[in-house]
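So the structure is just underneath, and the comments pick up after that.
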Amino acid sequence: MNARLRSSLLAPVLAVVVAAGLCAIVLLLSGANPASALGAMIGQVGEGQVAVDIVNSTAIYMLAALAAAIGFHMNLLNIGIEGQYRVGALVAAIVGGAIVLPPVLHWLVILLVAAIAGAAWATLPAILKVTRGVHEVLSTIMMNAIAFGLAAFLIRRDQFGILIGNNVSTEPIAESGQVPGIDLGSRGTIFGLVFLAVVAAGVYGVVMNRTRFGFELKASGLSPTAAAAGGVNAKKMIVVSLLVSGAVAGLVGMPEILGRDHAYTLNFASGYGFAGIGIALLGRNHPVGIAFGSLLWAFLEKAKGALDNEGVPREIATIMQGSIVLSVVVAYEIVKRMDLAAEQRRVGRATGTAVEPEAVK
């Protein structure tokens with residue numbers, strides 16, 4: 001087995017082993033039996049609509065993680081995904097409920113509006129980054145706070161909100177703007193826009209690995225100075241990457257709005273943006289890794305109910321999610337340092353000089 005393949009396999013295996021150990025310790029400390037808890041978590045997949053819910057959630061998490069991964073390639077931490085997808089969902093729901101177009105065209109317009117709104121919400125942090133050097137973490141966090149307030153204001157009944165039962169929502173989207181799903185009867189309905197996440201992951205993989213844009217994006221992230229020497233405008237790439245990240249983030253809420261709710265409501269789901277950052281780290285910004293990471297994250301989210309039924313605190317599942325992400329980050333850093341030390345030793349042997357590995361200094 002060559003060194004590259006060995007290091008590629010070692011990191012995820014090490015991460016899984018460490019995460020499993022940490023989760024077992026947490027379960028034991030909580031007084032639970034790790035084996036029975038794991039059995040309950042796996043067993044609940046075959047119950048009711050859990051499997052379909054996991055698939056639907058996986059698609060949403062994938063979109064959020066792809067938005068984060070685009071920023072990561074530029075060494076940008078887009079904390080604003082949470083606000084961008086909320087603004088995208090709200091604006092798209094308002095526009096979608098106000099117009100009636102032929103089927104397909106209607107929901108395509110809604111998707112376009114969501115992407116534009118998400119990108120627009122990322123514009124100010126991008127401008128501040130390249131013109132004033134304001135760190136994107138600070139600016140996007142502030143934009144999140146503004147987004148929450150704006151959403152609360154626009155959904156008021158004296159603005160765009162209407163009272164439906166005991167809930168306030170935007171005007172319901174007409175049937176022509178609703179994306180049909182795959183009805184599995186008592187098992188639930190798979191969102192039609194699950195396929196949007198799959199397509200987005202495929203496009204992301206091709207663009208990042210097979211196009212000049214992807215190369216320039218990665219090069220600018222690794223070394224803006226070297227990229228500039230090669231004719232790449234690093235500032236332009238910062239703006240473009242944040243806008244594209246925001247556009248993808250704007251689509252995060254679309255599977256639920258166009259596939260189930262058909263409106264933006266007061267109890268619109270939150271937390272997808274922050275979960276997407278963790279999943280992008282978990283998947284190492286690779287589309288296949290992100291897909292598996294999203295599936296695991298969705299599984300653990302749904303496992304909370306099963307843990308409750310076993311008398312285990314549901315917060316254990318959240319601890320598991322954090323432990324897995326932490327284990328992956330640490331494992332890849334350890335393997336990276338091991339590879340660096342091994343390479344330095346090889347150079348030392350080849351040149352006949354003793355090279356002290358930087359990774360162990």
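Going by the structure tokens order, chains are called A, B, ..., each with residues numbered from 1, while ligands are numbered from 1 in the order shown.
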Requested in this report: Mind checking which residues fall within 7 Å of Asn78 in chain A, counting only C-alpha atoms, ignoring those fewer than 2 positions away in the same chain, and posting them as a VMD selection string?
Outcome: chain A and resid 68 71 76 80 to 81 136 to 137 140
Residue subset to file, keeping all heavy atoms, as a CSV table (one decimal), in the first residue's frame:
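The file below, out-v8.csv, is the result:
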```csv
chain,number,residue,atom,x,y,z
A,68,ALA,N,-20.8,26.1,2.8
A,68,ALA,CA,-19.7,26.3,3.6
A,68,ALA,C,-18.4,25.9,2.9
A,68,ALA,O,-17.3,26.6,3.1
A,68,ALA,CB,-19.8,25.6,4.9
A,71,GLY,N,-16.7,28.5,0.6
A,71,GLY,CA,-15.9,29.4,1.3
A,71,GLY,C,-14.6,28.9,1.9
A,71,GLY,O,-13.5,29.5,1.8
A,76,LEU,N,-12.1,31.0,3.7
A,76,LEU,CA,-13.1,32.0,4.2
A,76,LEU,C,-14.1,31.2,5.1
A,76,LEU,O,-14.5,30.1,4.7
A,76,LEU,CB,-13.8,32.7,3.1
A,76,LEU,CG,-13.0,33.6,2.2
A,76,LEU,CD1,-13.8,34.1,1.0
A,76,LEU,CD2,-12.4,34.8,3.0
A,80,GLY,N,-22.2,33.2,7.9
A,80,GLY,CA,-23.5,33.8,7.6
A,80,GLY,C,-24.5,32.9,6.9
A,80,GLY,O,-25.5,33.4,6.5
A,81,ILE,N,-24.1,31.7,6.7
A,81,ILE,CA,-25.1,30.8,6.0
A,81,ILE,C,-26.4,30.7,6.7
A,81,ILE,O,-27.5,30.7,6.0
A,81,ILE,CB,-24.5,29.3,5.9
A,81,ILE,CG1,-23.2,29.3,5.1
A,81,ILE,CG2,-25.5,28.4,5.3
A,81,ILE,CD1,-22.4,28.0,5.1
A,136,GLU,N,-14.5,38.1,7.7
A,136,GLU,CA,-15.8,37.7,7.3
A,136,GLU,C,-16.6,37.0,8.5
A,136,GLU,O,-17.8,37.1,8.5
A,136,GLU,CB,-15.7,36.6,6.1
A,136,GLU,CG,-15.1,35.3,6.5
A,136,GLU,CD,-13.6,35.3,6.5
A,136,GLU,OE1,-13.0,36.4,6.3
A,136,GLU,OE2,-13.0,34.3,6.8
A,137,VAL,N,-15.9,36.5,9.5
A,137,VAL,CA,-16.6,36.0,10.6
A,137,VAL,C,-17.4,37.0,11.3
A,137,VAL,O,-18.6,36.8,11.7
A,137,VAL,CB,-15.6,35.3,11.6
A,137,VAL,CG1,-16.3,34.9,12.9
A,137,VAL,CG2,-15.0,34.0,10.9
A,140,THR,N,-20.3,38.5,8.9
A,140,THR,CA,-21.4,37.5,8.6
A,140,THR,C,-22.2,37.2,9.9
A,140,THR,O,-23.4,37.0,9.8
A,140,THR,CB,-20.9,36.2,8.0
A,140,THR,OG1,-19.8,35.7,8.8
A,140,THR,CG2,-20.3,36.5,6.6
```
**Report entry** 8 Å contact set for range 314-320 of chain A, only C-alpha atoms, chain neighbours under 4 positions out, as a list in words
**Finding:**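 Non-adjacent residues within range: Ala19, Leu22, Cys23, Val26, Leu27, Leu300, Glu301, Ala303, Lys304, Gly305, Leu307, Asp308 and Ile324 of chain A.
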Query raised in the report: Can you list, as an NGL selection string, every residue of range 26-58 of chain A that DSSP puts in alpha helix (DSSP H)?
Result: :A and (26-29 or 34-43 or 50-58)
Mind dumping the selected residues with all heavy atoms as a short mmCIF file (atom, residue, chain, number, x, y, z; two decimals), in the first residue's frame?
```cif
data_model
loop_
_atom_site.label_atom_id
_atom_site.label_comp_id
_atom_site.auth_asym_id
_atom_site.auth_seq_id
_atom_site.Cartn_x
_atom_site.Cartn_y
_atom_site.Cartn_z
N VAL A 26 -19.17 8.86 26.83
CA VAL A 26 -20.27 9.77 27.19
C VAL A 26 -21.51 8.97 27.59
O VAL A 26 -22.19 9.29 28.57
CB VAL A 26 -20.58 10.71 26.01
CG1 VAL A 26 -21.86 11.49 26.28
CG2 VAL A 26 -19.42 11.67 25.79
N LEU A 27 -21.80 7.92 26.83
CA LEU A 27 -22.98 7.09 27.14
C LEU A 27 -22.81 6.39 28.49
O LEU A 27 -23.76 6.31 29.29
CB LEU A 27 -23.20 6.06 26.04
CG LEU A 27 -23.76 6.62 24.72
CD1 LEU A 27 -23.65 5.58 23.61
CD2 LEU A 27 -25.22 7.05 24.89
N LEU A 28 -21.61 5.90 28.77
CA LEU A 28 -21.37 5.24 30.05
C LEU A 28 -21.50 6.22 31.20
O LEU A 28 -22.07 5.90 32.26
CB LEU A 28 -19.98 4.60 30.05
CG LEU A 28 -19.81 3.34 29.20
CD1 LEU A 28 -18.34 2.93 29.12
CD2 LEU A 28 -20.66 2.19 29.76
N LEU A 29 -20.98 7.44 31.02
CA LEU A 29 -21.08 8.45 32.07
C LEU A 29 -22.53 8.85 32.33
O LEU A 29 -22.88 9.26 33.44
CB LEU A 29 -20.26 9.69 31.68
CG LEU A 29 -18.74 9.51 31.68
CD1 LEU A 29 -18.05 10.78 31.17
CD2 LEU A 29 -18.23 9.17 33.08
N PRO A 34 -23.95 1.53 26.01
CA PRO A 34 -23.65 1.95 24.63
C PRO A 34 -24.23 1.02 23.58
O PRO A 34 -24.73 1.47 22.53
CB PRO A 34 -22.12 1.95 24.60
CG PRO A 34 -21.71 2.16 26.01
CD PRO A 34 -22.74 1.45 26.83
N ALA A 35 -24.21 -0.28 23.84
CA ALA A 35 -24.70 -1.26 22.85
C ALA A 35 -26.21 -1.11 22.64
O ALA A 35 -26.69 -1.09 21.50
CB ALA A 35 -24.36 -2.67 23.30
N SER A 36 -26.97 -1.00 23.74
CA SER A 36 -28.42 -0.87 23.62
C SER A 36 -28.80 0.47 23.01
O SER A 36 -29.76 0.57 22.24
CB SER A 36 -29.08 -1.05 24.99
OG SER A 36 -28.66 -0.03 25.88
N ALA A 37 -28.05 1.53 23.35
CA ALA A 37 -28.33 2.85 22.79
C ALA A 37 -28.10 2.85 21.28
O ALA A 37 -28.91 3.38 20.51
CB ALA A 37 -27.46 3.91 23.46
N LEU A 38 -26.98 2.24 20.87
CA LEU A 38 -26.69 2.17 19.44
C LEU A 38 -27.74 1.33 18.71
O LEU A 38 -28.18 1.68 17.61
CB LEU A 38 -25.30 1.58 19.22
CG LEU A 38 -24.86 1.41 17.76
CD1 LEU A 38 -24.82 2.76 17.07
CD2 LEU A 38 -23.49 0.72 17.68
N GLY A 39 -28.17 0.23 19.35
CA GLY A 39 -29.21 -0.60 18.75
C GLY A 39 -30.51 0.15 18.56
O GLY A 39 -31.18 0.00 17.53
N ALA A 40 -30.87 0.97 19.55
CA ALA A 40 -32.10 1.77 19.45
C ALA A 40 -31.98 2.81 18.34
O ALA A 40 -32.94 3.06 17.60
CB ALA A 40 -32.38 2.45 20.78
N MET A 41 -30.81 3.41 18.21
CA MET A 41 -30.60 4.43 17.18
C MET A 41 -30.72 3.83 15.78
O MET A 41 -31.32 4.42 14.88
CB MET A 41 -29.23 5.08 17.37
CG MET A 41 -29.12 5.93 18.62
SD MET A 41 -27.41 6.37 19.04
CE MET A 41 -26.91 7.31 17.61
N ILE A 42 -30.14 2.64 15.61
CA ILE A 42 -30.21 2.00 14.30
C ILE A 42 -31.62 1.45 14.03
O ILE A 42 -32.15 1.56 12.92
CB ILE A 42 -29.17 0.86 14.20
CG1 ILE A 42 -27.76 1.45 14.30
CG2 ILE A 42 -29.33 0.07 12.90
CD1 ILE A 42 -26.66 0.41 14.33
N GLY A 43 -32.23 0.89 15.05
CA GLY A 43 -33.55 0.29 14.89
C GLY A 43 -34.63 1.28 14.52
O GLY A 43 -35.59 0.93 13.82
N VAL A 50 -39.22 7.76 9.67
CA VAL A 50 -37.87 8.16 10.06
C VAL A 50 -36.90 8.09 8.88
O VAL A 50 -36.11 9.02 8.65
CB VAL A 50 -37.36 7.29 11.23
CG1 VAL A 50 -35.89 7.60 11.52
CG2 VAL A 50 -38.20 7.52 12.47
N ALA A 51 -36.92 7.01 8.12
CA ALA A 51 -35.99 6.86 7.00
C ALA A 51 -36.16 7.97 5.98
O ALA A 51 -35.18 8.55 5.49
CB ALA A 51 -36.18 5.50 6.34
N VAL A 52 -37.42 8.30 5.66
CA VAL A 52 -37.68 9.37 4.70
C VAL A 52 -37.25 10.72 5.27
O VAL A 52 -36.67 11.55 4.56
CB VAL A 52 -39.18 9.40 4.33
CG1 VAL A 52 -39.52 10.67 3.56
CG2 VAL A 52 -39.54 8.18 3.50
N ASP A 53 -37.49 10.94 6.55
CA ASP A 53 -37.05 12.18 7.19
C ASP A 53 -35.53 12.33 7.13
O ASP A 53 -35.01 13.43 6.94
CB ASP A 53 -37.52 12.23 8.64
CG ASP A 53 -39.02 12.43 8.78
OD1 ASP A 53 -39.64 12.87 7.79
OD2 ASP A 53 -39.57 12.15 9.86
N ILE A 54 -34.83 11.22 7.29
CA ILE A 54 -33.37 11.25 7.22
C ILE A 54 -32.91 11.63 5.82
O ILE A 54 -32.00 12.46 5.64
CB ILE A 54 -32.78 9.89 7.64
CG1 ILE A 54 -32.96 9.67 9.14
CG2 ILE A 54 -31.30 9.80 7.27
CD1 ILE A 54 -32.52 8.31 9.63
N VAL A 55 -33.55 11.06 4.80
CA VAL A 55 -33.19 11.39 3.42
C VAL A 55 -33.45 12.87 3.13
O VAL A 55 -32.60 13.56 2.55
CB VAL A 55 -33.99 10.52 2.43
CG1 VAL A 55 -33.77 10.99 0.99
CG2 VAL A 55 -33.57 9.06 2.57
N ASN A 56 -34.61 13.37 3.55
CA ASN A 56 -34.94 14.77 3.33
C ASN A 56 -33.96 15.70 4.04
O ASN A 56 -33.50 16.70 3.48
CB ASN A 56 -36.37 15.05 3.80
CG ASN A 56 -37.41 14.41 2.89
OD1 ASN A 56 -37.16 14.14 1.72
ND2 ASN A 56 -38.59 14.16 3.43
N SER A 57 -33.65 15.38 5.29
CA SER A 57 -32.72 16.21 6.05
C SER A 57 -31.32 16.16 5.45
O SER A 57 -30.59 17.15 5.46
CB SER A 57 -32.67 15.75 7.51
OG SER A 57 -33.91 15.96 8.15
N THR A 58 -30.95 15.00 4.93
CA THR A 58 -29.63 14.85 4.31
C THR A 58 -29.46 15.83 3.16
O THR A 58 -28.40 16.48 3.02
CB THR A 58 -29.43 13.42 3.80
OG1 THR A 58 -29.45 12.52 4.91
CG2 THR A 58 -28.10 13.28 3.07
#
```
Query raised in the report: Contacts of Arg260 in chain A at 10 Å or less, counting only C-alpha atoms, minus same-chain residues fewer than 3 places along, as a ChimeraX atom specification?
Result: /A:178-181,189-192,254-257,263
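Between CA of Ser323 in chain A and CA of Gly31 in chain A there is a distance of 18.4 Å.
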Taking only range 164-337 of chain A into account, list the residues labelled strand (DSSP E or B) by DSSP (computed from the backbone), as a tab-separated table (two decimals) with N, CA and C atoms, in the first residue's frame.
```
chain	number	residue	atom	x	y	z
A	164	ILE	N	-52.84	31.83	9.57
A	164	ILE	CA	-53.42	30.56	9.12
A	164	ILE	C	-53.49	29.65	10.33
A	167	ASN	N	-50.94	29.88	13.34
A	167	ASN	CA	-49.59	30.21	12.88
A	167	ASN	C	-49.64	31.38	11.91
A	168	VAL	N	-48.56	32.13	11.87
A	168	VAL	CA	-48.43	33.24	10.93
A	168	VAL	C	-47.42	32.82	9.86
A	169	SER	N	-47.79	33.04	8.62
A	169	SER	CA	-46.90	32.65	7.52
A	169	SER	C	-47.06	33.63	6.38
A	182	ILE	N	-41.77	12.24	-3.93
A	182	ILE	CA	-42.00	10.80	-4.15
A	182	ILE	C	-42.79	10.28	-2.97
A	183	ASP	N	-44.07	10.01	-3.20
A	183	ASP	CA	-44.97	9.57	-2.13
A	183	ASP	C	-44.74	8.09	-1.84
A	189	THR	N	-43.11	11.24	2.39
A	189	THR	CA	-42.85	11.72	1.03
A	189	THR	C	-41.45	12.30	0.94
A	190	ILE	N	-40.67	11.80	0.00
A	190	ILE	CA	-39.33	12.33	-0.23
A	190	ILE	C	-39.44	13.63	-1.00
A	265	THR	N	-42.97	30.18	7.57
A	265	THR	CA	-43.78	30.29	8.78
A	265	THR	C	-42.94	30.75	9.97
```
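Across A:Ala151, A:Ala291, A:Ala280, A:Ile110, the tightest approach to Phe72 in chain A is made by A:Ala280 when counting only C-alpha atoms.
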Query - Non-local contacts of Val288 in chain A (12 Å; only C-alpha atoms; under 3 positions in same chain excluded) as an NGL selection string - result: :A and (62 or 65-66 or 197-198 or 200-202 or 204-205 or 279-280 or 282-285 or 291-295)
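Residue nearest Thr123 in chain A, chosen from A:Leu251, A:Ala174, A:Ala350, A:Ile238 and counting only C-alpha atoms: A:Ile238.
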**Report entry** Distance query Ala126 in chain A at most 12 Å, only C-alpha atoms, self and fewer than 4 positions along chain excluded, as JSON, numbers by chain
**Finding:** {"A": [71, 76, 77, 78, 80, 119, 120, 121, 122, 130, 131, 132, 133, 134, 135, 136, 137, 138, 139, 140, 143, 235, 236, 237, 238, 239, 240, 241, 242, 243, 244, 245, 246]}
